[in-house]
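Trainee: My questions will all concern the structure given below.
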Amino acid sequence: MLGSLVLHHPTPAAGAALGSLSNRYLRLRALKINRHSGKKQAPLVTFGSQNSSLGYRRLVSPSTSSICAKEEEDSFKISAVFTDDSSAVTMADEEMESIGILSIDQALEPYKEHFKYRIKRYVDQKRLIETYEGGLEEFAQGYVKFGFNREEGGIVYREWAPAAQEAQLIGDFNGWDGSKHKMEKNQYGVWSIKIPNSDGNSAIPHNSRVKFRFKHGNGVWVDRIPAWIKYATVDPARFAAPYDGVYWDPPPSERFQFKHPHPPKPKAPRIYEAHVGMSSSEPRISSYREFADDVLPRIRANNYNTVQLMAVMEHSYYASFGYHVTNFFAVSSRSGTPEDLKYLIDKAHSLGLRVLMDVVHSHASNNVTDGLNGFEVGQSSQESYFHTGDRGYHKLWDSRLFNYSNWEVLRFLLSNLRWWLEEFKFDGFRFDGVTSMLYHHHGINTAFTGDYHEYFSEATDVDAVVYLMLANYLINKILPDATVIAEDVSGMPGLGRPVSEGGIGFDYRLAMAIPDKWIDYLKNKNDEEWSMKEISCSLTNRRYTEKCISYAESHDQAIVGDKTIAFFLMDREMYSGMSCLTDASPTIERGVALHKMIHFLTMALGGEGYLNFMGNEFGHPEWVDFPREGNGWSYEKCRRQWNLVDTDHLRYKFMNAFDRAMNLLDEKFSFLSSTKQIVSSTNEEDKVIVFERGDLVFVFNFHPENTYDGYKVGCDLPGKYRVALDSDALEFGGHGRVGHDVDHFTFPEGVPGVPETNFNNRPNSFKILSPAHTCVVYYRVDESREADVDETSIAEVVVGKENFEELGSVIVDGNVGPRAVESGEGSSDD
């Protein structure tokens with residue numbers, strides 16, 4: 001049973017244009033669930049009710065509750081385009097009538113035909129692949145057939161280019177003269193050539209340049225980088241030089257060998273979003289190996305369990321932040337070779353860190369010379385990676401859009417996922433731009449109000465939905481413990497439910513509305529105008545059967561034209577007022593305090609996982625601005641100033657220490673993965689939010705001036721409570737006002753079993769000291785295990801015992817699991 005949330009009707013999301021580089025979409029008003037109950041073997045069961053005037057559905061719970069190898073010619077015997085009426089394979093009627101997601105949310109019942117249609121499309125497509133390709137996993141090994149592959153006696157190169165009239169392979173190996181290396185085309189538009197070995201050695205040397213030369217209908221010959229190329233480089237000495245494909249096949253002595261297994265999947269991901277290129281303190285591009293040796297230890301020290309790498313796939317324009325991909329199977333050469341990236345991932349695994357890849361399958365770079373778009377020579381969608389006309393072009397991103405119904409596009413994209421999982425041992429993906437994929441309008445000029453018709457209508461791109469279902473099914477077959485996250489702002493119901501239920505299959509969705517709420521408050525409201533109810537509602541406003549990754553700020557909020565939370569709070573004073581050798585100004589005092597509170601409240605209440613962008617953990621003072629013409633191609637703001645947090649007399653260390661501590665708190669108590677989440681008080685006058693997550697009690701006092709002595713807070717379980725984490729501790733730049741050696745004993749409230757007679761609907765309470773601009777977490781001491789209590793506090797672990805001021809805080813050394821609680825909502829104020 002889940003604890004009930006204090007839920008309020010959300011306000012409509014404000015519309016905002018999509019940004020071409022920041023990938024920030026129109027923000028959503030997501031849906032949420034109070035609580036659920038379900039049998040262990042069955043899907044979660046909830047019933048829906050609709051407030052038609054709001055177009056909003058509030059969900060409440062019921063009271064109870066071996067593939068054979070095929071010959072080469074068989075690999076291409078399918079038409080390039082799949083249409084649903086081309087398959088005789090259908091689901092049984094009874095299967096179509098018992099779609100699991102409809103029992104989870106009965107408000108979806110009016111859209112049953114939509115779900116039946118897209119499930120049928122998914123099943124038919126999957127069975128077609130099984131029939132003609134030997135199965136989805138076999139189909140997703142296109143990289144052993146396409147591109148360059150060693151076969152007996154030589155190298156075979158294959159490329160799908162049905163619109164080409166003639167084709168040749170050129171490169172360093174033949175002096176860029178393809179007259180002796182002409183390729184042959186089969187009936188399905190696949191060109192191939194075998195280059196025999198020379199004197200027992202490969203005719204194409206490792207690390208040599210290659211390109212695909214072909215002639216299109218107007219008789220013009222063009223040179224393109226092979227679509228399946230594993231590496232691509234550019235001459236750094238030539239301005240705006242085109243990229244070259246590189247044949248990457250290192251000898252065994254140079255091929256990296258993984259030594260460490262995948263770390264186990266955590267109960268809740270604590271994600272460090274990072275960009276390797278800008279991870280150096282110096283104004284230059286950093287390497288994979290430098291990141292592995294210099295930055296990964298910092299991430300592990302701050303108790304993150306997952307690294308999310310941006311800009312891994314090759315992109316010719318550095319300032320695109322990696323989102324305008326040109327070469328989908330190639331590691332970005334700016335930071336090193338494929339073997340260098342493998343070193344990074346293996347080093348992360350050795351530290352117990354999982355690594356997710358920011359994968360971009362929502363669009364492709366419009367770059368013709370260097371990218372996949374170069375294969376588009378005016379042919380129909382059936383013979384192209386992309387749709388033609390307006391459907392194939394994203395106006396705001398200036399990029400090309402995939403035709404997800406195309407057989408070879410499915411092979412290409414699904415194989416791309418398997419390639420990164422198997423060749424590089426990634427632990428999962430963060431799918432970029434999912435909102436753009438899900439709808440024909442791509443989310444442009446669309447404000448999602450929560451009306452289900454917005455998600456299930458003619459605007460839905462079912463081809464893309466089917467592709468994502470196939471992708472998630474495949475990922476989980478290859479790596480059952482993979483973590484897969486969707487960047488979606490629309491809040492489409494079912495996005496985070498299993499494919500077996502009719503969902504799309506993601507593990508998590510990014511809670512993209514949360515950072516917008518904080519930006520709105522920081523830009524437009526003074527402290528007295530902050531609404532505790534509205535903040536709480538924004539953080540809990542989600543479909544509770546579909547997990548979210550919360551974040552206060554990501555790379556989106558750091559790029560030029562925007563500000564980080566620290567910069568919003570302290571702005572120019574960050575350059576002059578961060579020294580501990582002088583007293584903090586009111587601006588710095590408020591800024592450091594709220595920076596800690598905003599990030600921690602977002603983590604503790606906003607989702608089932610947490611994300612932070614590189615540098616924000618210590619309040620990096622500047623935005624990110626990639627080298628471009630407008631800044632003189634400068635790297636000055638395309639780096640991370642680690643020296644700021646490493647300098648002992650600067651206040652940046654306090655924010656970093658608190659970031660480390662709040663991650664450690666989850667590592668000790670597993671509150672992020674707990675199904676118990678109860679907001680018991682959102683007091684507008686006091687500016688205090690009180691809630692429980694797991695068996696921890698969180699108290700956030702946002703009042704700029706008022707400190708409350710003997711402040712009464714409700715809780716579930718009776719007993720003795722002590723401080724587990726305190727943002728006002730000296731180690732975190734605070735004033736040390738909260739006594740950590742105090743035992744807080746509970747008092748029973750009201751009539752047992754009658755929630756409305758309790759204090760804020762909680763059966764017990766205890767009293768605390770709550771200073772202004774401070775958050776404090778309390779844990780319940782297990783008297784039966786008190787002799788086993790680890791006498792080391794969170795703060796002491798974070799800063800080191802030798803630097804620890806005597807605070808006397810203790811924590812229970814062990815996991816606190818989720819607990820069942822009685823139903824009933826907490827009141828919104830005292």
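Letters A, B, ... mark the chains of the structure tokens in the order given; residue numbers begin at 1 per chain; ligand numbers begin at 1, in order shown.
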Extract, using only C-alpha atoms, all DNA, RNA and protein residues at most 12 Å from A:Tyr385, discarding same-chain residues fewer than 5 positions from it, and format them as an MDAnalysis selection string.

Mentor: chainID A and resid 80:81 160:163 227 361 363:364 371:380 392 400:413

Trainee: Give me the residues near A:Gly496 as a CSV table (one decimal) with C-alpha atoms, in the first residue's frame, where near means some atom within 9 Å (using only C-alpha atoms) and where sequence neighbours in that chain fewer than 3 positions away do not count.

Mentor:
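Just written: part32.csv:
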chain,number,residue,atom,x,y,z
A,485,ILE,CA,14.8,7.0,-19.3
A,486,ALA,CA,12.6,9.0,-21.5
A,492,MET,CA,1.9,10.5,-22.0
A,493,PRO,CA,0.2,7.9,-19.9
A,503,GLY,CA,2.9,0.7,-22.3
A,504,ILE,CA,5.9,2.0,-24.2
A,505,GLY,CA,8.3,0.4,-21.7
A,506,PHE,CA,10.6,3.1,-20.2
A,507,ASP,CA,11.8,2.7,-16.6
A,508,TYR,CA,11.6,6.4,-15.9
A,509,ARG,CA,10.5,9.7,-17.3
A,545,THR,CA,2.7,4.0,-11.2
A,546,GLU,CA,5.2,5.5,-13.7
A,547,LYS,CA,8.5,6.5,-12.1
A,548,CYS,CA,10.2,9.8,-12.6

Trainee: Could you pull out all residues of stretch 253-403 of chain A with a DSSP call of strand (DSSP E or B) and give them as a ChimeraX atom specification?

Mentor: /A:270-275,306-310,313-314,327-331,354-359,364-365,386,393-394,399-400,402

Trainee: Applying 7 Å and only C-alpha atoms, which residues near A:Asp370 remain after dropping the ones on its own chain fewer than 4 positions away? List them as a list in words.

Mentor: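 In the requested form, the answer reads Arg224, Ile225, Pro242, Tyr243 and Thr326 of chain A.
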
Trainee: Which residues, written as a PDB file with all heavy atoms, in the first residue's frame, have at least one atom at most 10 Å from A:Ala729, with only C-alpha atoms counted and residues fewer than 3 positions away on the same chain left out?

Mentor:
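The result, written out as result_10.pdb:
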ATOM      1  N   PHE A 654      30.816  24.028   0.561  1.00  0.00           N
ATOM      2  CA  PHE A 654      29.675  23.717   1.414  1.00  0.00           C
ATOM      3  C   PHE A 654      28.533  23.104   0.605  1.00  0.00           C
ATOM      4  O   PHE A 654      27.896  22.138   1.037  1.00  0.00           O
ATOM      5  CB  PHE A 654      29.185  24.976   2.130  1.00  0.00           C
ATOM      6  CG  PHE A 654      30.185  25.560   3.090  1.00  0.00           C
ATOM      7  CD1 PHE A 654      30.427  26.928   3.118  1.00  0.00           C
ATOM      8  CD2 PHE A 654      30.897  24.749   3.964  1.00  0.00           C
ATOM      9  CE1 PHE A 654      31.339  27.476   4.001  1.00  0.00           C
ATOM     10  CE2 PHE A 654      31.821  25.291   4.860  1.00  0.00           C
ATOM     11  CZ  PHE A 654      32.040  26.658   4.868  1.00  0.00           C
ATOM     12  N   PHE A 658      27.091  19.224   0.922  1.00  0.00           N
ATOM     13  CA  PHE A 658      25.687  18.889   1.157  1.00  0.00           C
ATOM     14  C   PHE A 658      25.151  17.974   0.063  1.00  0.00           C
ATOM     15  O   PHE A 658      24.359  17.056   0.324  1.00  0.00           O
ATOM     16  CB  PHE A 658      24.835  20.159   1.241  1.00  0.00           C
ATOM     17  CG  PHE A 658      23.421  19.895   1.690  1.00  0.00           C
ATOM     18  CD1 PHE A 658      23.152  19.599   3.015  1.00  0.00           C
ATOM     19  CD2 PHE A 658      22.373  19.899   0.787  1.00  0.00           C
ATOM     20  CE1 PHE A 658      21.862  19.329   3.444  1.00  0.00           C
ATOM     21  CE2 PHE A 658      21.080  19.629   1.197  1.00  0.00           C
ATOM     22  CZ  PHE A 658      20.820  19.342   2.536  1.00  0.00           C
ATOM     23  N   LEU A 725      20.133  14.440   8.878  1.00  0.00           N
ATOM     24  CA  LEU A 725      20.797  15.400   7.991  1.00  0.00           C
ATOM     25  C   LEU A 725      20.229  16.783   8.262  1.00  0.00           C
ATOM     26  O   LEU A 725      19.017  16.942   8.420  1.00  0.00           O
ATOM     27  CB  LEU A 725      20.586  15.007   6.523  1.00  0.00           C
ATOM     28  CG  LEU A 725      21.245  15.907   5.477  1.00  0.00           C
ATOM     29  CD1 LEU A 725      22.765  15.932   5.664  1.00  0.00           C
ATOM     30  CD2 LEU A 725      20.906  15.430   4.060  1.00  0.00           C
ATOM     31  N   ASP A 726      21.108  17.774   8.270  1.00  0.00           N
ATOM     32  CA  ASP A 726      20.735  19.137   8.655  1.00  0.00           C
ATOM     33  C   ASP A 726      21.490  20.113   7.757  1.00  0.00           C
ATOM     34  O   ASP A 726      22.719  20.185   7.811  1.00  0.00           O
ATOM     35  CB  ASP A 726      21.078  19.352  10.139  1.00  0.00           C
ATOM     36  CG  ASP A 726      21.044  20.807  10.570  1.00  0.00           C
ATOM     37  OD1 ASP A 726      20.347  21.602   9.922  1.00  0.00           O
ATOM     38  OD2 ASP A 726      21.724  21.128  11.567  1.00  0.00           O
ATOM     39  N   PHE A 732      28.157  22.364   6.299  1.00  0.00           N
ATOM     40  CA  PHE A 732      27.479  22.736   5.055  1.00  0.00           C
ATOM     41  C   PHE A 732      27.313  24.254   4.940  1.00  0.00           C
ATOM     42  O   PHE A 732      26.464  24.736   4.203  1.00  0.00           O
ATOM     43  CB  PHE A 732      26.110  22.046   4.973  1.00  0.00           C
ATOM     44  CG  PHE A 732      26.163  20.560   5.195  1.00  0.00           C
ATOM     45  CD1 PHE A 732      25.276  19.939   6.067  1.00  0.00           C
ATOM     46  CD2 PHE A 732      27.109  19.779   4.547  1.00  0.00           C
ATOM     47  CE1 PHE A 732      25.328  18.568   6.278  1.00  0.00           C
ATOM     48  CE2 PHE A 732      27.178  18.413   4.749  1.00  0.00           C
ATOM     49  CZ  PHE A 732      26.285  17.801   5.626  1.00  0.00           C
ATOM     50  N   GLY A 733      28.133  24.990   5.679  1.00  0.00           N
ATOM     51  CA  GLY A 733      28.091  26.446   5.596  1.00  0.00           C
ATOM     52  C   GLY A 733      26.979  27.076   6.406  1.00  0.00           C
ATOM     53  O   GLY A 733      26.660  28.255   6.202  1.00  0.00           O
ATOM     54  N   GLY A 734      26.356  26.302   7.294  1.00  0.00           N
ATOM     55  CA  GLY A 734      25.265  26.821   8.109  1.00  0.00           C
ATOM     56  C   GLY A 734      25.757  27.396   9.423  1.00  0.00           C
ATOM     57  O   GLY A 734      26.958  27.631   9.612  1.00  0.00           O
ATOM     58  N   HIS A 735      24.817  27.599  10.341  1.00  0.00           N
ATOM     59  CA  HIS A 735      25.133  28.239  11.615  1.00  0.00           C
ATOM     60  C   HIS A 735      25.118  27.260  12.781  1.00  0.00           C
ATOM     61  O   HIS A 735      25.346  27.664  13.922  1.00  0.00           O
ATOM     62  CB  HIS A 735      24.141  29.372  11.888  1.00  0.00           C
ATOM     63  CG  HIS A 735      24.184  30.454  10.860  1.00  0.00           C
ATOM     64  ND1 HIS A 735      25.173  31.410  10.825  1.00  0.00           N
ATOM     65  CD2 HIS A 735      23.367  30.723   9.800  1.00  0.00           C
ATOM     66  CE1 HIS A 735      24.972  32.233   9.802  1.00  0.00           C
ATOM     67  NE2 HIS A 735      23.876  31.835   9.166  1.00  0.00           N
ATOM     68  N   GLY A 736      24.819  25.996  12.524  1.00  0.00           N
ATOM     69  CA  GLY A 736      24.840  25.003  13.579  1.00  0.00           C
ATOM     70  C   GLY A 736      23.795  25.230  14.652  1.00  0.00           C
ATOM     71  O   GLY A 736      24.038  24.966  15.833  1.00  0.00           O
ATOM     72  N   ARG A 737      22.622  25.677  14.238  1.00  0.00           N
ATOM     73  CA  ARG A 737      21.585  26.014  15.230  1.00  0.00           C
ATOM     74  C   ARG A 737      20.819  24.801  15.733  1.00  0.00           C
ATOM     75  O   ARG A 737      20.195  24.855  16.779  1.00  0.00           O
ATOM     76  CB  ARG A 737      20.605  27.032  14.616  1.00  0.00           C
ATOM     77  CG  ARG A 737      21.207  28.411  14.398  1.00  0.00           C
ATOM     78  CD  ARG A 737      20.316  29.296  13.545  1.00  0.00           C
ATOM     79  NE  ARG A 737      20.310  28.883  12.144  1.00  0.00           N
ATOM     80  CZ  ARG A 737      19.709  29.578  11.161  1.00  0.00           C
ATOM     81  NH1 ARG A 737      19.060  30.692  11.460  1.00  0.00           N
ATOM     82  NH2 ARG A 737      19.758  29.147   9.923  1.00  0.00           N
ATOM     83  N   VAL A 738      20.814  23.718  14.981  1.00  0.00           N
ATOM     84  CA  VAL A 738      20.039  22.533  15.368  1.00  0.00           C
ATOM     85  C   VAL A 738      20.915  21.601  16.201  1.00  0.00           C
ATOM     86  O   VAL A 738      22.005  21.212  15.771  1.00  0.00           O
ATOM     87  CB  VAL A 738      19.505  21.792  14.124  1.00  0.00           C
ATOM     88  CG1 VAL A 738      18.751  20.531  14.535  1.00  0.00           C
ATOM     89  CG2 VAL A 738      18.593  22.715  13.314  1.00  0.00           C
ATOM     90  N   GLY A 739      20.431  21.245  17.381  1.00  0.00           N
ATOM     91  CA  GLY A 739      21.176  20.328  18.213  1.00  0.00           C
ATOM     92  C   GLY A 739      21.025  18.894  17.747  1.00  0.00           C
ATOM     93  O   GLY A 739      19.913  18.360  17.694  1.00  0.00           O
ATOM     94  N   HIS A 740      22.122  18.263  17.427  1.00  0.00           N
ATOM     95  CA  HIS A 740      22.074  16.906  16.896  1.00  0.00           C
ATOM     96  C   HIS A 740      22.128  15.834  17.986  1.00  0.00           C
ATOM     97  O   HIS A 740      22.016  14.649  17.692  1.00  0.00           O
ATOM     98  CB  HIS A 740      23.225  16.683  15.909  1.00  0.00           C
ATOM     99  CG  HIS A 740      23.086  17.485  14.663  1.00  0.00           C
ATOM    100  ND1 HIS A 740      23.861  17.261  13.557  1.00  0.00           N
ATOM    101  CD2 HIS A 740      22.266  18.508  14.332  1.00  0.00           C
ATOM    102  CE1 HIS A 740      23.528  18.106  12.602  1.00  0.00           C
ATOM    103  NE2 HIS A 740      22.575  18.886  13.060  1.00  0.00           N
ATOM    104  N   THR A 774      16.181  26.483   6.312  1.00  0.00           N
ATOM    105  CA  THR A 774      16.877  25.260   6.716  1.00  0.00           C
ATOM    106  C   THR A 774      15.988  24.044   6.468  1.00  0.00           C
ATOM    107  O   THR A 774      14.768  24.114   6.637  1.00  0.00           O
ATOM    108  CB  THR A 774      17.249  25.314   8.215  1.00  0.00           C
ATOM    109  OG1 THR A 774      18.216  26.337   8.425  1.00  0.00           O
ATOM    110  CG2 THR A 774      17.841  23.999   8.698  1.00  0.00           C
ATOM    111  N   VAL A 776      15.795  19.909   7.630  1.00  0.00           N
ATOM    112  CA  VAL A 776      16.318  18.917   8.552  1.00  0.00           C
ATOM    113  C   VAL A 776      15.562  17.611   8.346  1.00  0.00           C
ATOM    114  O   VAL A 776      14.338  17.619   8.158  1.00  0.00           O
ATOM    115  CB  VAL A 776      16.190  19.359  10.024  1.00  0.00           C
ATOM    116  CG1 VAL A 776      16.843  18.338  10.957  1.00  0.00           C
ATOM    117  CG2 VAL A 776      16.817  20.732  10.241  1.00  0.00           C
ATOM    118  N   ALA A 795      26.914  13.999   8.214  1.00  0.00           N
ATOM    119  CA  ALA A 795      27.857  15.104   8.042  1.00  0.00           C
ATOM    120  C   ALA A 795      29.290  14.659   8.295  1.00  0.00           C
ATOM    121  O   ALA A 795      30.223  15.035   7.587  1.00  0.00           O
ATOM    122  CB  ALA A 795      27.489  16.256   8.973  1.00  0.00           C
ATOM    123  N   GLU A 805      32.935  18.998  13.495  1.00  0.00           N
ATOM    124  CA  GLU A 805      32.598  19.681  14.735  1.00  0.00           C
ATOM    125  C   GLU A 805      31.658  18.783  15.540  1.00  0.00           C
ATOM    126  O   GLU A 805      30.869  18.030  14.977  1.00  0.00           O
ATOM    127  CB  GLU A 805      31.919  21.018  14.428  1.00  0.00           C
ATOM    128  CG  GLU A 805      32.792  22.012  13.684  1.00  0.00           C
ATOM    129  CD  GLU A 805      33.926  22.530  14.550  1.00  0.00           C
ATOM    130  OE1 GLU A 805      33.765  22.537  15.794  1.00  0.00           O
ATOM    131  OE2 GLU A 805      34.944  22.905  13.997  1.00  0.00           O
ATOM    132  N   LEU A 807      28.694  17.451  16.735  1.00  0.00           N
ATOM    133  CA  LEU A 807      27.262  17.651  16.524  1.00  0.00           C
ATOM    134  C   LEU A 807      26.446  16.514  17.116  1.00  0.00           C
ATOM    135  O   LEU A 807      25.278  16.678  17.433  1.00  0.00           O
ATOM    136  CB  LEU A 807      26.960  17.768  15.028  1.00  0.00           C
ATOM    137  CG  LEU A 807      27.624  18.955  14.325  1.00  0.00           C
ATOM    138  CD1 LEU A 807      27.336  18.888  12.840  1.00  0.00           C
ATOM    139  CD2 LEU A 807      27.135  20.268  14.898  1.00  0.00           C
TER     140      LEU A 807
END

Trainee: Set out as JSON lines a contact list for stretch 389-490 of chain A and stretch 350-359 of chain A with a cut-off of 6 Å, giving each residue of stretch 389-490 of chain A that qualifies its closest atom pair and distance in Å to one decimal, counting only C-alpha atoms, ordered by chain and rising residue number.

Mentor:
{"residue": "A:Phe426", "atom": "CA", "partner": "A:Val355", "partner_atom": "CA", "distance": 5.6}
{"residue": "A:Asp427", "atom": "CA", "partner": "A:Val355", "partner_atom": "CA", "distance": 5.4}
{"residue": "A:Gly428", "atom": "CA", "partner": "A:Leu356", "partner_atom": "CA", "distance": 4.8}
{"residue": "A:Phe429", "atom": "CA", "partner": "A:Met357", "partner_atom": "CA", "distance": 4.7}
{"residue": "A:Arg430", "atom": "CA", "partner": "A:Asp358", "partner_atom": "CA", "distance": 4.8}
{"residue": "A:Phe431", "atom": "CA", "partner": "A:Val359", "partner_atom": "CA", "distance": 5.2}

Trainee: Check stretch 276-493 of chain A with DSSP on the backbone and list each residue it calls alpha helix (DSSP H), as a PyMOL selection string.

Mentor: chain A and resi 288-290+296-301+338-350+407-424+434-438+462-478

Trainee: Taking 2 positions as the minimum chain separation for residues in the same chain, which residues sit within 6 Å of A:Met278 when counting only C-alpha atoms? Answer as a list in words.

Mentor: His275, Val276, Ser280, Ile285, Cys638 and Arg639 of chain A

Trainee: Do you know which residues are at most 8 Å from A:Asp709 counting only C-alpha atoms, after dropping those on the same chain fewer than 5 positions away, and could you put them as a ChimeraX atom specification?

Mentor: /A:768-770

Trainee: Applying 10 Å and only C-alpha atoms, which residues near A:Met614 remain after dropping the ones on its own chain fewer than 5 positions away? List them as a ChimeraX atom specification.

Mentor: /A:272-276,278-279,295,299,307-308,554-555,558,619-620,640

Trainee: Got time to write the residues from that selection, C-alpha atoms, as a compact mmCIF listing (two decimals), in the first residue's frame?

Mentor:
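Result file follows (part-v9.txt):
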# COMPACT_ATOMS: atom_id res chain seq x y z
CA TYR A 272 25.37 12.59 -12.56
CA GLU A 273 24.81 14.11 -16.00
CA ALA A 274 28.16 14.89 -17.58
CA HIS A 275 29.75 16.14 -20.79
CA VAL A 276 33.24 14.73 -21.25
CA MET A 278 33.80 20.30 -21.16
CA SER A 279 34.86 18.44 -18.01
CA VAL A 295 36.16 13.24 -12.78
CA ILE A 299 31.32 11.50 -8.88
CA VAL A 307 26.79 8.60 -14.77
CA GLN A 308 24.85 9.86 -17.77
CA SER A 554 20.15 19.89 -15.89
CA HIS A 555 22.27 20.94 -18.84
CA ALA A 558 23.11 25.79 -17.71
CA GLY A 619 26.94 25.88 -7.54
CA HIS A 620 29.10 26.46 -10.61
CA ARG A 640 34.16 23.18 -15.24

Trainee: Would you compute the distance between atom CA of A:Val645 and atom CA of A:Thr564? Give it in Å to one decimal.

Mentor: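 Atom-to-atom, atom CA of A:Val645 to atom CA of A:Thr564, that is 16.3 Å.
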